[in-house]
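Report on the following structure.
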Amino acid sequence: MVNLGIQSQCDEALYQLGLNIEELEEMEEDAGLGNGGLGRLAACFLDSMATLGLAAYGYGLRYDYGIFSQKIKDGHQVEEPDDWLRFGNPWEKARPEYMIPVNFYGNTEHRDGKVHWVNTQVVFAMPYDSPVPGYKNNTVNTMRLWSAKSPNNFNLTFFQDGDYINAVLDRNHAENISRVLYPNDNVVEGKELRLKQEYFMVAATLQDVIRRYKSSKFGCRDPIRTEFGSFPDKVALQLNDTHPALTIPELMRVLVDVEGVEWSKAWKVVVNTCAYTNHTILPEALERWPVDMLKRLLPRHLELIFEINSRHLEEVAKKWPGDMDRQRRMSIVEECDGKRINMAFLSIVGSHVVNGVAAIHSKLIRTKIFHDFYEMFPEKFQNKTNGITPRRWLLLCNPGLTDVIAEAIGEEWTTNLDLLKQLKKFGSTTKFVQAVQRVKQENKMKLAQYIQKHHNITLNTASMFDIQVKRIHEYKRQLLNCLHIITMYNRIKRDPSASFVARTVMIGGKAAPGYYAAKQIIYLINSIARVVNNDPIVADKLKVVFLENYRVSLAEKVIPACDLSEQISLAGTEASGTGNMKFMLNGALTIGTLDGANVEMMEEMGKENIFIFGMTVEEVEQRKHGYNARHHYERNPELKQAIDQIQGGYFSPNHPDSFHDIVNILLNHDTYMLLEDYESYIKAQDQVNELFKDPVKWTQKCIMNIASSGKFSSDRTITEYARQIWGVEPNTIKLPAPHETPAQEVAAAAPSAAPPKTK
């Protein structure tokens, strides 16, 4: 409604029907089709591509059950199915006329000089289309999600046995492919179903793209295109992490086996069409699929990968003759620990551009993770710092702040976020400062009402809202936040009459169901909250809230109300982060490490407007060798007291042993060096307290944050992808609305420009 420019009209129309639009919005289910930042980033990118007038499709899977719904019972996370489709999805349209067959299993036969993939099992991919409107430009792109459908024919062997029931049930196996989203996006469990999902999406999407390419008549006299030399000029495929990496062998299979294109020509088409974005630094998140599984599920693709690897290693040997160790390091097929296919290496070799998602991340890719490949293909490597759409993350979720900004500088910033720089001159204006303060207070009161209703906790809205919302993972260091909460609690208990800046600490996020340490962290947060919130000495000075079932619709309430944003991952572990940008755009100050996009945020706003603490990437490298967490535990009394309380059952009196594993992680396996950064973190938090005592200075820094957010628009990110990777130019031309007469009709007979390339 925002992008179509009809929000107020819909609001008014529903009001006249006696309905409240906000109540209706509350009822609508979130489409939980991603694990967190990566899925949300894709949604921002789709919004920007439509707003920039790019002819683009977003492809994914239409999971029957999205990311699980999180319930907290007795402090523990309990997962419940997210049946987001139970009332249907009014925004989608099924397109059975474009249903596509996808093959699995079988074997290969070499005959007639060709390879045939035979004896396969077929599953159909049914497309469901959702419109993605651009912002007030009458452009509507499509997000196409695939759902698995069983073939119509029954398994006749069951019928011969008279077993009709089993014949029907057998169909369910096929449809299980799109049944549920894997809730773990950073440890590949080697599950066959996950590999099936990845290939299912890739195969259906490529058939769809090739069908559209063949039927496009422009510049071709044939009834259908048969020549693929111009394919990269018309199509760009952006591989969002390694999950769609099978695009590379699948496109080779279609070109070589089906279309009869010669290998070297086909390989050139594949490389020039595909580009790969790496979204993570954590080694366990780089997919490696067992060769045995690929051989069983996708036998032809394994043959193609072996051939791609063989030719790739020949090139490596030419460049570095005799360097067998380099060949081993750069092989797509890993030999240690059972043969595996490294999907990141396959993505690099088969793409013409490889990019990271923040300057520091792209540097780490070049110098560490993929250094060998950077030495071989330096021209492939780029950086594209992530961004967020200002339409959702300011215009929609923070209408109060939107109005204040529009009153000061107009409304053009919604499609050109750099214009927010004009707000810098208002930082010294009392009226503007007060307007920003008023909006923040209103947003805090709204969030407090929500928490009162859903958590039965009364918040002090004059307190600092200190918020950390993201997936629960050790590298994101929610435990460091816990140590600070315990330190604050102990300081209040030590001297209850001392002056203390009141805080409400909110932590939210889901832990992967099989990730024991992350689930223990959630239990610890809730255990700390139970003690702190029920201590009469602490009263309103400190409150702790775990935000149950964190999701996009809850983020839209939380982010506008935040005073302090926690972005505290160990330097060199977060690729970019986008939550940090959302908080910045909505006028929160950030406490963070020099990690991910925090580095560029600091460069944009100036280091005086952000609270930076902890080691740099270089210092982490230096100190991790011989690092001793116990050294910090022994010499810092506040840290020691906090850890001893966790160990001794202070926060879990009924089960004193509950958190021994967490203490063991902190003292003996402190991989993410929390204890090394603890002292620096506490000092930075003390600086936060000092500044919060001066509301005017605090708000002036908030305004500097908002005014410096321009770089972090996804419009800027997508413009860079379009120009530097896809070879297309964004345009800001507003198309005529359906009810208007297009001026172009007059010139309909005139020759037109080449049709835009499809991303």
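Residue numbers start at 1 in each chain; chains themselves are named A, B, ... in the order of the structure tokens; ligands are numbered from 1 in the order shown.
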Next on the checklist: If DSSP is run on the backbone, what residues of stretch 564-697 of chain A are helix (DSSP H, G or I)? A reply as a ChimeraX atom specification would be ideal.
Outcome noted: /A:579-585,598-605,607-609,617-624,629-635,637-648,660-668,674-692,695-697
Next on the checklist: Among stretch 540-692 of chain A, which ones does DSSP assign to strand (DSSP E) (computed from the backbone)? Answer as a list in words.
Outcome noted: Leu542, Lys543, Val544, Val545, Phe546, Leu547, Leu564, Ser565, Glu566, Gln567, Leu589, Thr590, Ile591, Gly592, Phe611 and Ile612 of chain A
Suppose we keep all heavy atoms; can you now write the selection as a short mmCIF file (atom, residue, chain, number, x, y, z; two decimals), in the first residue's frame?
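Generated file (selection-v1.cif):
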```cif
data_model
loop_
_atom_site.label_atom_id
_atom_site.label_comp_id
_atom_site.auth_asym_id
_atom_site.auth_seq_id
_atom_site.Cartn_x
_atom_site.Cartn_y
_atom_site.Cartn_z
N LEU A 542 16.40 -1.40 36.41
CA LEU A 542 16.85 -2.39 35.43
C LEU A 542 15.75 -3.40 35.18
O LEU A 542 15.19 -3.97 36.12
CB LEU A 542 18.12 -3.11 35.92
CG LEU A 542 18.76 -4.14 34.98
CD1 LEU A 542 19.21 -3.50 33.67
CD2 LEU A 542 19.96 -4.83 35.65
N LYS A 543 15.43 -3.60 33.92
CA LYS A 543 14.47 -4.64 33.52
C LYS A 543 15.09 -5.42 32.38
O LYS A 543 15.81 -4.87 31.53
CB LYS A 543 13.15 -4.02 33.04
CG LYS A 543 12.23 -3.56 34.17
CD LYS A 543 11.37 -4.71 34.70
CE LYS A 543 10.31 -4.22 35.69
NZ LYS A 543 10.87 -3.79 36.97
N VAL A 544 14.79 -6.71 32.33
CA VAL A 544 15.29 -7.57 31.25
C VAL A 544 14.09 -8.27 30.61
O VAL A 544 13.26 -8.86 31.30
CB VAL A 544 16.29 -8.63 31.77
CG1 VAL A 544 16.82 -9.49 30.63
CG2 VAL A 544 17.44 -7.94 32.51
N VAL A 545 14.00 -8.19 29.28
CA VAL A 545 12.88 -8.81 28.55
C VAL A 545 13.44 -9.65 27.41
O VAL A 545 14.27 -9.16 26.62
CB VAL A 545 11.94 -7.73 27.95
CG1 VAL A 545 10.79 -8.39 27.20
CG2 VAL A 545 11.42 -6.79 29.03
N PHE A 546 13.01 -10.92 27.35
CA PHE A 546 13.31 -11.71 26.15
C PHE A 546 12.10 -11.60 25.22
O PHE A 546 10.98 -11.94 25.60
CB PHE A 546 13.60 -13.17 26.48
CG PHE A 546 14.02 -13.95 25.26
CD1 PHE A 546 15.35 -13.93 24.83
CD2 PHE A 546 13.10 -14.65 24.48
CE1 PHE A 546 15.75 -14.60 23.68
CE2 PHE A 546 13.48 -15.33 23.33
CZ PHE A 546 14.81 -15.30 22.93
N LEU A 547 12.32 -11.09 24.01
CA LEU A 547 11.24 -10.88 23.04
C LEU A 547 10.95 -12.18 22.31
O LEU A 547 11.73 -12.62 21.45
CB LEU A 547 11.63 -9.78 22.05
CG LEU A 547 11.87 -8.40 22.67
CD1 LEU A 547 12.59 -7.48 21.69
CD2 LEU A 547 10.56 -7.76 23.12
N LEU A 564 19.45 2.25 22.23
CA LEU A 564 20.81 1.73 22.04
C LEU A 564 20.74 0.38 21.33
O LEU A 564 20.08 -0.55 21.78
CB LEU A 564 21.51 1.56 23.40
CG LEU A 564 22.97 1.11 23.32
CD1 LEU A 564 23.87 2.22 22.77
CD2 LEU A 564 23.48 0.65 24.69
N SER A 565 21.44 0.30 20.21
CA SER A 565 21.48 -0.91 19.39
C SER A 565 22.77 -1.67 19.67
O SER A 565 23.86 -1.10 19.61
CB SER A 565 21.40 -0.49 17.91
OG SER A 565 21.94 -1.47 17.06
N GLU A 566 22.65 -2.96 19.99
CA GLU A 566 23.82 -3.79 20.34
C GLU A 566 24.28 -4.58 19.11
O GLU A 566 23.55 -5.45 18.63
CB GLU A 566 23.44 -4.76 21.46
CG GLU A 566 22.95 -4.11 22.74
CD GLU A 566 24.03 -3.97 23.80
OE1 GLU A 566 25.17 -4.46 23.57
OE2 GLU A 566 23.75 -3.37 24.85
N GLN A 567 25.47 -4.27 18.61
CA GLN A 567 26.05 -4.94 17.43
C GLN A 567 27.45 -5.41 17.83
O GLN A 567 28.45 -4.81 17.44
CB GLN A 567 26.08 -3.99 16.23
CG GLN A 567 24.75 -3.32 15.92
CD GLN A 567 23.66 -4.30 15.52
OE1 GLN A 567 23.93 -5.38 14.99
NE2 GLN A 567 22.40 -3.94 15.77
N LEU A 589 21.37 4.94 18.78
CA LEU A 589 22.84 4.94 18.78
C LEU A 589 23.32 3.49 18.87
O LEU A 589 22.61 2.63 19.39
CB LEU A 589 23.39 5.76 19.94
CG LEU A 589 23.01 7.25 19.96
CD1 LEU A 589 23.82 8.01 21.01
CD2 LEU A 589 23.20 7.91 18.59
N THR A 590 24.50 3.24 18.36
CA THR A 590 25.03 1.88 18.28
C THR A 590 26.21 1.71 19.21
O THR A 590 27.11 2.55 19.25
CB THR A 590 25.48 1.57 16.83
OG1 THR A 590 24.34 1.69 15.97
CG2 THR A 590 26.06 0.17 16.71
N ILE A 591 26.21 0.60 19.96
CA ILE A 591 27.42 0.14 20.63
C ILE A 591 27.87 -1.10 19.88
O ILE A 591 27.07 -2.02 19.66
CB ILE A 591 27.20 -0.14 22.14
CG1 ILE A 591 28.53 -0.52 22.80
CG2 ILE A 591 26.12 -1.19 22.40
CD1 ILE A 591 28.49 -0.49 24.33
N GLY A 592 29.10 -1.11 19.41
CA GLY A 592 29.50 -2.23 18.56
C GLY A 592 31.00 -2.34 18.39
O GLY A 592 31.78 -1.46 18.78
N PHE A 611 29.50 4.13 19.65
CA PHE A 611 30.32 3.63 20.77
C PHE A 611 31.03 2.37 20.30
O PHE A 611 30.43 1.29 20.23
CB PHE A 611 29.43 3.33 21.98
CG PHE A 611 28.68 4.53 22.49
CD1 PHE A 611 27.36 4.75 22.11
CD2 PHE A 611 29.29 5.45 23.33
CE1 PHE A 611 26.65 5.85 22.57
CE2 PHE A 611 28.59 6.56 23.80
CZ PHE A 611 27.27 6.77 23.42
N ILE A 612 32.30 2.52 19.96
CA ILE A 612 33.09 1.39 19.45
C ILE A 612 33.94 0.83 20.58
O ILE A 612 34.55 1.57 21.35
CB ILE A 612 33.99 1.83 18.27
CG1 ILE A 612 33.13 2.24 17.07
CG2 ILE A 612 34.97 0.73 17.89
CD1 ILE A 612 32.37 1.10 16.40
#
```
Dump as JSON lines the rows for residues of stretch 62-148 of chain A within 12 Å of stretch 257-275 of chain A: closest atom pair and distance in Å with one decimal, only C-alpha atoms counted, ordered by chain and rising residue number.
```
{"residue": "A:Thr108", "atom": "CA", "partner": "A:Asp257", "partner_atom": "CA", "distance": 11.2}
{"residue": "A:Glu109", "atom": "CA", "partner": "A:Asp257", "partner_atom": "CA", "distance": 11.4}
{"residue": "A:His110", "atom": "CA", "partner": "A:Asp257", "partner_atom": "CA", "distance": 10.6}
{"residue": "A:Arg111", "atom": "CA", "partner": "A:Asp257", "partner_atom": "CA", "distance": 11.4}
{"residue": "A:Asp112", "atom": "CA", "partner": "A:Asp257", "partner_atom": "CA", "distance": 11.4}
{"residue": "A:Gly113", "atom": "CA", "partner": "A:Asp257", "partner_atom": "CA", "distance": 9.9}
{"residue": "A:Lys114", "atom": "CA", "partner": "A:Asp257", "partner_atom": "CA", "distance": 6.5}
{"residue": "A:Val115", "atom": "CA", "partner": "A:Asp257", "partner_atom": "CA", "distance": 6.1}
{"residue": "A:His116", "atom": "CA", "partner": "A:Asp257", "partner_atom": "CA", "distance": 7.2}
{"residue": "A:Trp117", "atom": "CA", "partner": "A:Asp257", "partner_atom": "CA", "distance": 8.9}
```
Next on the checklist: So the first atom is atom CA of A:Val2 and the second is atom CA of A:Gly18; what is the distance between them in Å, to one decimal place?
Outcome noted: 21.5 Å
Item to check | Selection: 9 Å around A:Glu720, only C-alpha atoms, excl. self and same-chain fewer than 5 positions, as a list in words | outcome: Lys384, Asp715 and Ile725 of chain A
Got time to write the residues from that selection, all heavy atoms, as a CSV table (one decimal), in the first residue's frame?
```
chain,number,residue,atom,x,y,z
A,384,LYS,N,30.1,-5.3,-2.4
A,384,LYS,CA,28.8,-4.6,-2.5
A,384,LYS,C,28.2,-4.5,-1.1
A,384,LYS,O,27.6,-5.5,-0.6
A,384,LYS,CB,27.8,-5.4,-3.4
A,384,LYS,CG,28.3,-5.5,-4.9
A,384,LYS,CD,28.1,-4.2,-5.6
A,384,LYS,CE,28.8,-4.3,-7.0
A,384,LYS,NZ,30.3,-4.0,-6.8
A,715,ASP,N,18.7,0.7,-2.3
A,715,ASP,CA,18.7,1.3,-3.7
A,715,ASP,C,20.1,1.5,-4.2
A,715,ASP,O,20.5,1.3,-5.3
A,715,ASP,CB,18.0,2.6,-3.7
A,715,ASP,CG,16.5,2.5,-3.3
A,715,ASP,OD1,16.0,1.4,-3.3
A,715,ASP,OD2,15.8,3.5,-3.1
A,725,ILE,N,27.8,-5.5,-12.1
A,725,ILE,CA,27.7,-6.9,-12.2
A,725,ILE,C,26.8,-7.3,-13.4
A,725,ILE,O,27.1,-8.1,-14.2
A,725,ILE,CB,27.4,-7.6,-10.9
A,725,ILE,CG1,28.4,-7.3,-9.8
A,725,ILE,CG2,27.3,-9.1,-11.1
A,725,ILE,CD1,28.1,-7.9,-8.4
```
Checklist entry - How far is it from atom CA of A:Glu284 to atom CA of A:Leu479, in Å with one decimal? => result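 Distance between the two atoms: 20.7 Å.
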Item to check | Two-atom distance - atom CA of A:Ala517, atom CA of A:Glu79 (Å) | outcome: 15.8 Å
Checklist entry - Which of these residues is nearest to A:Met99, using only C-alpha atoms: A:Trp146, A:Phe200, A:Tyr65, A:Tyr681? => result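 Among the listed residues, the smallest separation from A:Met99 belongs to A:Trp146.
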Next on the checklist: With distances taken over only C-alpha atoms, which residue among A:His279, A:His625, A:Arg551, A:Lys453 lies nearest A:Val469?
Outcome noted: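 Closest to A:Val469, using only C-alpha atoms: A:Arg551.
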Next on the checklist: With only C-alpha atoms as the counted atoms, please give the residues lying no more than 6 Å from stretch 731-737 of chain A, apart from itself and same-chain residues fewer than 4 positions off, as a PyMOL selection string.
Outcome noted: chain A and resi 52-53+137-138+742
